[in-house]
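What's in final_3.cif: mmCIF, C-alpha atoms
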data_run
#
loop_
_atom_site.group_PDB
_atom_site.id
_atom_site.type_symbol
_atom_site.label_atom_id
_atom_site.label_comp_id
_atom_site.auth_asym_id
_atom_site.auth_seq_id
_atom_site.Cartn_x
_atom_site.Cartn_y
_atom_site.Cartn_z
ATOM 1 C CA MET C 435 24.997 -17.372 10.479
ATOM 2 C CA SER C 436 27.808 -15.952 12.556
ATOM 3 C CA ASP C 437 27.972 -12.373 13.803
ATOM 4 C CA ARG C 438 30.827 -11.691 11.407
ATOM 5 C CA SER C 439 28.880 -12.894 8.366
ATOM 6 C CA LEU C 440 25.866 -10.845 9.493
ATOM 7 C CA ASN C 441 28.098 -7.782 9.811
ATOM 8 C CA ASP C 442 29.593 -8.472 6.386
ATOM 9 C CA ALA C 443 26.104 -8.809 4.881
ATOM 10 C CA ALA C 444 24.948 -5.582 6.552
ATOM 11 C CA ALA C 445 28.066 -3.807 5.347
ATOM 12 C CA SER C 446 27.487 -5.057 1.805
ATOM 13 C CA VAL C 447 23.874 -3.854 1.797
ATOM 14 C CA ALA C 448 24.840 -0.512 3.333
ATOM 15 C CA ASP C 449 27.636 -0.099 0.793
ATOM 16 C CA THR C 450 25.284 -0.837 -2.120
ATOM 17 C CA ILE C 451 22.650 1.599 -0.850
ATOM 18 C CA HIS C 452 25.377 4.200 -0.218
ATOM 19 C CA ARG C 453 26.680 3.718 -3.774
ATOM 20 C CA TYR C 454 23.190 4.491 -5.136
ATOM 21 C CA ARG C 455 22.423 7.065 -2.455
ATOM 22 C CA LYS C 456 21.632 9.864 -4.919
ATOM 23 C CA ARG C 457 19.067 7.664 -6.642
ATOM 24 C CA TYR C 458 17.432 6.880 -3.290
ATOM 25 C CA ILE C 459 17.329 10.595 -2.492
ATOM 26 C CA VAL C 460 15.866 11.521 -5.907
ATOM 27 C CA ALA C 461 13.266 8.742 -5.700
ATOM 28 C CA GLY C 462 12.403 9.700 -2.117
ATOM 29 C CA ALA C 463 12.060 13.370 -3.001
ATOM 30 C CA ALA C 464 9.878 12.524 -6.028
ATOM 31 C CA LEU C 465 7.593 10.376 -3.868
ATOM 32 C CA ILE C 466 7.333 13.125 -1.262
ATOM 33 C CA ILE C 467 6.462 15.707 -3.924
ATOM 34 C CA GLY C 468 3.869 13.314 -5.373
ATOM 35 C CA GLY C 469 2.462 12.746 -1.893
ATOM 36 C CA LEU C 470 2.195 16.457 -1.177
ATOM 37 C CA PHE C 471 0.521 16.984 -4.563
ATOM 38 C CA SER C 472 -1.971 14.180 -3.882
ATOM 39 C CA ILE C 473 -2.831 15.631 -0.465
ATOM 40 C CA ALA C 474 -3.095 19.176 -1.837
ATOM 41 C CA PHE C 475 -5.282 17.999 -4.741
ATOM 42 C CA PRO C 476 -7.007 14.907 -3.339
ATOM 43 C CA PHE C 477 -9.563 14.629 -6.148
ATOM 44 C CA ILE C 478 -6.780 14.230 -8.705
ATOM 45 C CA GLY C 479 -5.042 11.727 -6.423
ATOM 46 C CA THR C 480 -8.302 9.824 -6.017
ATOM 47 C CA LEU C 481 -8.824 9.666 -9.775
ATOM 48 C CA ALA C 482 -5.216 8.546 -10.237
ATOM 49 C CA ALA C 483 -5.709 5.771 -7.669
ATOM 50 C CA ALA C 484 -8.974 4.639 -9.293
ATOM 51 C CA ILE C 485 -7.446 4.647 -12.776
ATOM 52 C CA PHE C 486 -4.420 2.719 -11.504
ATOM 53 C CA VAL C 487 -6.666 0.082 -9.928
ATOM 54 C CA GLY C 488 -8.698 -0.065 -13.137
ATOM 55 C CA TRP C 489 -5.592 -0.766 -15.223
ATOM 56 C CA VAL C 490 -4.343 -3.372 -12.743
ATOM 57 C CA LEU C 491 -7.700 -5.155 -12.977
ATOM 58 C CA VAL C 492 -7.673 -5.007 -16.790
ATOM 59 C CA MET C 493 -4.132 -6.388 -16.969
ATOM 60 C CA SER C 494 -4.806 -9.139 -14.444
ATOM 61 C CA GLY C 495 -7.976 -10.083 -16.339
ATOM 62 C CA VAL C 496 -6.071 -10.333 -19.613
ATOM 63 C CA VAL C 497 -3.383 -12.484 -17.967
ATOM 64 C CA GLU C 498 -5.989 -14.758 -16.349
ATOM 65 C CA LEU C 499 -7.842 -15.178 -19.645
ATOM 66 C CA ALA C 500 -4.621 -15.869 -21.553
ATOM 67 C CA HIS C 501 -3.674 -18.441 -18.943
ATOM 68 C CA ALA C 502 -7.132 -20.050 -19.066
ATOM 69 C CA PHE C 503 -6.971 -20.449 -22.842
ATOM 70 C CA SER C 504 -3.369 -21.673 -22.835
ATOM 71 C CA VAL C 505 -3.924 -24.608 -20.458
ATOM 72 C CA ARG C 506 -7.009 -26.275 -21.913
ATOM 73 C CA GLY C 507 -8.118 -29.304 -19.985
ATOM 74 C CA ALA C 508 -6.593 -28.146 -16.693
ATOM 75 C CA PRO C 509 -8.808 -28.347 -13.597
ATOM 76 C CA ALA C 510 -10.989 -25.303 -12.803
ATOM 77 C CA ILE C 511 -10.139 -23.690 -16.133
ATOM 78 C CA VAL C 512 -13.700 -22.412 -16.581
ATOM 79 C CA LEU C 513 -13.516 -20.739 -13.173
ATOM 80 C CA ASN C 514 -10.175 -19.164 -14.127
ATOM 81 C CA ALA C 515 -11.746 -17.800 -17.320
ATOM 82 C CA VAL C 516 -14.720 -16.418 -15.354
ATOM 83 C CA ALA C 517 -12.327 -14.772 -12.868
ATOM 84 C CA GLY C 518 -10.400 -13.270 -15.785
ATOM 85 C CA LEU C 519 -13.592 -11.936 -17.374
ATOM 86 C CA LEU C 520 -14.685 -10.500 -14.025
ATOM 87 C CA SER C 521 -11.352 -8.723 -13.489
ATOM 88 C CA LEU C 522 -11.354 -7.432 -17.039
ATOM 89 C CA GLY C 523 -14.972 -6.259 -16.826
ATOM 90 C CA VAL C 524 -14.588 -4.492 -13.489
ATOM 91 C CA GLY C 525 -11.368 -2.869 -14.679
ATOM 92 C CA VAL C 526 -13.060 -1.559 -17.831
ATOM 93 C CA LEU C 527 -15.968 -0.219 -15.733
ATOM 94 C CA VAL C 528 -13.575 1.595 -13.383
ATOM 95 C CA LEU C 529 -11.658 3.087 -16.322
ATOM 96 C CA ALA C 530 -14.890 4.125 -18.046
ATOM 97 C CA ASN C 531 -16.096 5.974 -14.942
ATOM 98 C CA PRO C 532 -13.267 6.607 -12.457
ATOM 99 C CA VAL C 533 -15.523 8.643 -10.133
ATOM 100 C CA ALA C 534 -17.896 5.697 -9.703
ATOM 101 C CA GLY C 535 -14.832 3.462 -9.375
ATOM 102 C CA ALA C 536 -13.511 5.709 -6.612
ATOM 103 C CA TYR C 537 -16.866 5.451 -4.831
ATOM 104 C CA SER C 538 -16.716 1.640 -5.031
ATOM 105 C CA LEU C 539 -13.103 1.597 -3.866
ATOM 106 C CA THR C 540 -13.992 3.877 -0.944
ATOM 107 C CA LEU C 541 -16.813 1.512 0.061
ATOM 108 C CA PHE C 542 -14.412 -1.419 -0.216
ATOM 109 C CA LEU C 543 -11.859 0.463 1.894
ATOM 110 C CA ALA C 544 -14.486 1.197 4.564
ATOM 111 C CA ALA C 545 -15.509 -2.486 4.614
ATOM 112 C CA PHE C 546 -11.873 -3.553 4.876
ATOM 113 C CA LEU C 547 -11.185 -1.114 7.719
ATOM 114 C CA ALA C 548 -14.295 -2.284 9.586
ATOM 115 C CA ALA C 549 -13.342 -5.961 9.222
ATOM 116 C CA ASP C 550 -9.727 -5.207 10.144
ATOM 117 C CA GLY C 551 -10.895 -3.281 13.218
ATOM 118 C CA VAL C 552 -13.107 -6.127 14.402
ATOM 119 C CA VAL C 553 -10.323 -8.693 13.921
ATOM 120 C CA LYS C 554 -7.812 -6.538 15.827
ATOM 121 C CA ILE C 555 -10.226 -5.894 18.679
ATOM 122 C CA LEU C 556 -10.943 -9.622 18.970
ATOM 123 C CA SER C 557 -7.203 -10.353 18.838
ATOM 124 C CA ALA C 558 -6.520 -7.807 21.561
ATOM 125 C CA THR C 559 -9.128 -9.347 23.861
ATOM 126 C CA GLN C 560 -7.500 -12.761 23.426
ATOM 127 C CA ILE C 561 -4.013 -11.574 24.402
ATOM 128 C CA ARG C 562 -4.832 -9.249 27.299
ATOM 129 C CA SER C 563 -2.142 -10.871 29.428
ATOM 130 C CA PHE C 564 0.623 -9.758 27.059
ATOM 131 C CA PRO C 565 2.264 -6.355 27.374
ATOM 132 C CA GLY C 566 1.214 -3.976 24.648
ATOM 133 C CA TRP C 567 -2.127 -5.662 23.954
ATOM 134 C CA SER C 568 -3.859 -2.328 24.424
ATOM 135 C CA TRP C 569 -2.075 -0.918 21.350
ATOM 136 C CA ILE C 570 -3.696 -3.613 19.233
ATOM 137 C CA LEU C 571 -7.028 -2.634 20.761
ATOM 138 C CA VAL C 572 -6.375 1.046 19.952
ATOM 139 C CA ASN C 573 -5.437 0.054 16.401
ATOM 140 C CA GLY C 574 -8.672 -1.905 16.039
ATOM 141 C CA VAL C 575 -10.831 0.882 17.427
ATOM 142 C CA SER C 576 -9.129 3.440 15.172
ATOM 143 C CA SER C 577 -9.773 1.221 12.128
ATOM 144 C CA LEU C 578 -13.455 1.006 13.073
ATOM 145 C CA LEU C 579 -13.614 4.779 13.562
ATOM 146 C CA LEU C 580 -11.986 5.392 10.173
ATOM 147 C CA ALA C 581 -14.498 3.054 8.541
ATOM 148 C CA ALA C 582 -17.380 4.873 10.260
ATOM 149 C CA VAL C 583 -16.030 8.271 9.183
ATOM 150 C CA LEU C 584 -15.671 7.127 5.576
ATOM 151 C CA LEU C 585 -19.220 5.776 5.535
ATOM 152 C CA TRP C 586 -20.580 8.880 7.269
ATOM 153 C CA LEU C 587 -18.936 11.185 4.742
ATOM 154 C CA LEU C 588 -20.027 9.249 1.654
ATOM 155 C CA PRO C 589 -20.516 10.103 -1.145
ATOM 156 C CA GLU C 590 -18.271 13.166 -0.770
ATOM 157 C CA ALA C 591 -15.491 11.122 0.849
ATOM 158 C CA SER C 592 -15.142 9.072 -2.311
ATOM 159 C CA LEU C 593 -13.931 12.195 -4.103
ATOM 160 C CA TYR C 594 -10.943 12.802 -1.829
ATOM 161 C CA ALA C 595 -10.297 9.943 0.626
ATOM 162 C CA LEU C 596 -8.263 7.781 -1.728
ATOM 163 C CA GLY C 597 -6.189 10.784 -2.827
ATOM 164 C CA ILE C 598 -5.357 11.703 0.755
ATOM 165 C CA LEU C 599 -4.471 8.093 1.627
ATOM 166 C CA LEU C 600 -2.371 7.791 -1.537
ATOM 167 C CA GLY C 601 -0.611 11.034 -0.587
ATOM 168 C CA ILE C 602 0.133 9.781 2.918
ATOM 169 C CA ASP C 603 1.470 6.510 1.502
ATOM 170 C CA LEU C 604 3.716 8.374 -0.940
ATOM 171 C CA LEU C 605 4.989 10.655 1.855
ATOM 172 C CA VAL C 606 5.831 7.672 4.055
ATOM 173 C CA GLY C 607 7.456 5.806 1.158
ATOM 174 C CA GLY C 608 9.550 8.819 0.142
ATOM 175 C CA SER C 609 10.583 9.520 3.716
ATOM 176 C CA THR C 610 11.564 5.875 4.110
ATOM 177 C CA LEU C 611 13.860 6.064 1.073
ATOM 178 C CA LEU C 612 15.488 9.228 2.428
ATOM 179 C CA LEU C 613 15.974 7.631 5.848
ATOM 180 C CA ILE C 614 17.450 4.472 4.288
ATOM 181 C CA ALA C 615 19.909 6.560 2.269
ATOM 182 C CA SER C 616 20.896 8.477 5.388
ATOM 183 C CA ALA C 617 21.213 5.338 7.526
ATOM 184 C CA ALA C 618 23.333 3.613 4.874
ATOM 185 C CA LYS C 619 25.732 6.576 4.750
ATOM 186 C CA ASN C 620 26.041 6.565 8.532
ATOM 187 C CA LEU C 621 26.509 2.786 8.633
ATOM 188 C CA VAL C 622 29.219 2.888 5.987
ATOM 189 C CA ASP C 623 30.997 5.629 7.953
ATOM 190 C CA ILE C 624 30.797 3.523 11.151
ATOM 191 C CA ILE C 625 32.012 0.344 9.422
ATOM 192 C CA LYS C 626 34.983 2.125 7.833
ATOM 193 C CA LYS C 627 36.188 3.338 11.252
#
Serialized structure, structure tokens:
Amino acid sequence: MSDRSLNDAAASVADTIHRYRKRYIVAGAALIIGGLFSIAFPFIGTLAAAIFVGWVLVMSGVVELAHAFSVRGAPAIVLNAVAGLLSLGVGVLVLANPVAGAYSLTLFLAAFLAADGVVKILSATQIRSFPGWSWILVNGVSSLLLAAVLLWLLPEASLYALGILLGIDLLVGGSTLLLIASAAKNLVDIIKK
């Protein structure tokens, strides 16, 4: 792709975002408000996250079961049906008791952070000759520390950790939409000059 076609593509994207700028701003502001609410009331945010995950599991289980029954004779169909039943069952359990679901999700998050930390630390040690390798090491150590903190603070952490993390994610997502809207306006102004 030539520089001109890249500039034309960038201008087209910027123009489209600029055209819908108010929608980006409204969506960004709504996400930021939701994020602040989730951080201010982390238990409610945690329950919302657990219920959301529960519904996602229920829906994915239903889809997997429907697929399994619609393609009879296909390879591994029994395993697909078992996976669908498992998703459906776990989703129903989470929806029936979101507090217990939040506890399980917090344990899963701690396990993920620990595994992610170990992988990043190992990666950092393998690329020590590259500039910036220490940031990967810091990232890995911080993931391990977060996992340790979550485990240390259990079971209380399961009542607020997911809500705080959801709030942070919503704040970052909302801020990103506002920054994109602002950048698109500035880019359109520069291109028109």
Return the single residue from C:Ile478, C:Val516, C:Ala461, C:Leu571 that is closest to Phe503 in chain C, with distances computed using all atoms listed in the file.
-> C:Val516
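Comparing the minimum interatomic distances between Ala617 in chain C and each of C:Asp449, C:Asp550, C:Asp603, C:Glu498, counting all atoms listed in the file, we find that C:Asp449 sits nearest.
The list of residues with at least one atom within 9 Å of range 606-608 of chain C, based on all atoms listed in the file and without residues fewer than 3 positions apart in the same chain, reads Tyr458, Ile459, Ala461, Gly462, Ala463, Ala464, Leu465, Ile466, Ile467, Gly469, Gly601, Ile602, Asp603, Leu611, Leu612 and Leu613 of chain C.
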Applied to this file, what does the PyMOL selection byres ((chain C and resi 536) around 8) return in terms of residues, put as a VMD selection string?
-> chain C and resid 480 to 481 483 to 484 528 532 to 535 537 to 540 592 to 593 596
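As for CA of Ala581 in chain C and CA of Leu547 in chain C, they are spaced 5.4 Å apart.
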Do you know which residues are at most 10 Å from Trp567 in chain C counting all atoms listed in the file, after dropping those on the same chain fewer than 4 positions away, and could you put them as a ChimeraX atom specification?
-> /C:554-555,557-563,571-572
Put those residues in a file: C-alpha atoms, as a PDB file, in the coordinates of the input.
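See part06.pdb below for the written result:
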ATOM      1  CA  LYS C 554      -7.812  -6.538  15.827  1.00  0.00           C
ATOM      2  CA  ILE C 555     -10.226  -5.894  18.679  1.00  0.00           C
ATOM      3  CA  SER C 557      -7.203 -10.353  18.838  1.00  0.00           C
ATOM      4  CA  ALA C 558      -6.520  -7.807  21.561  1.00  0.00           C
ATOM      5  CA  THR C 559      -9.128  -9.347  23.861  1.00  0.00           C
ATOM      6  CA  GLN C 560      -7.500 -12.761  23.426  1.00  0.00           C
ATOM      7  CA  ILE C 561      -4.013 -11.574  24.402  1.00  0.00           C
ATOM      8  CA  ARG C 562      -4.832  -9.249  27.299  1.00  0.00           C
ATOM      9  CA  SER C 563      -2.142 -10.871  29.428  1.00  0.00           C
ATOM     10  CA  LEU C 571      -7.028  -2.634  20.761  1.00  0.00           C
ATOM     11  CA  VAL C 572      -6.375   1.046  19.952  1.00  0.00           C
TER      12      VAL C 572
END
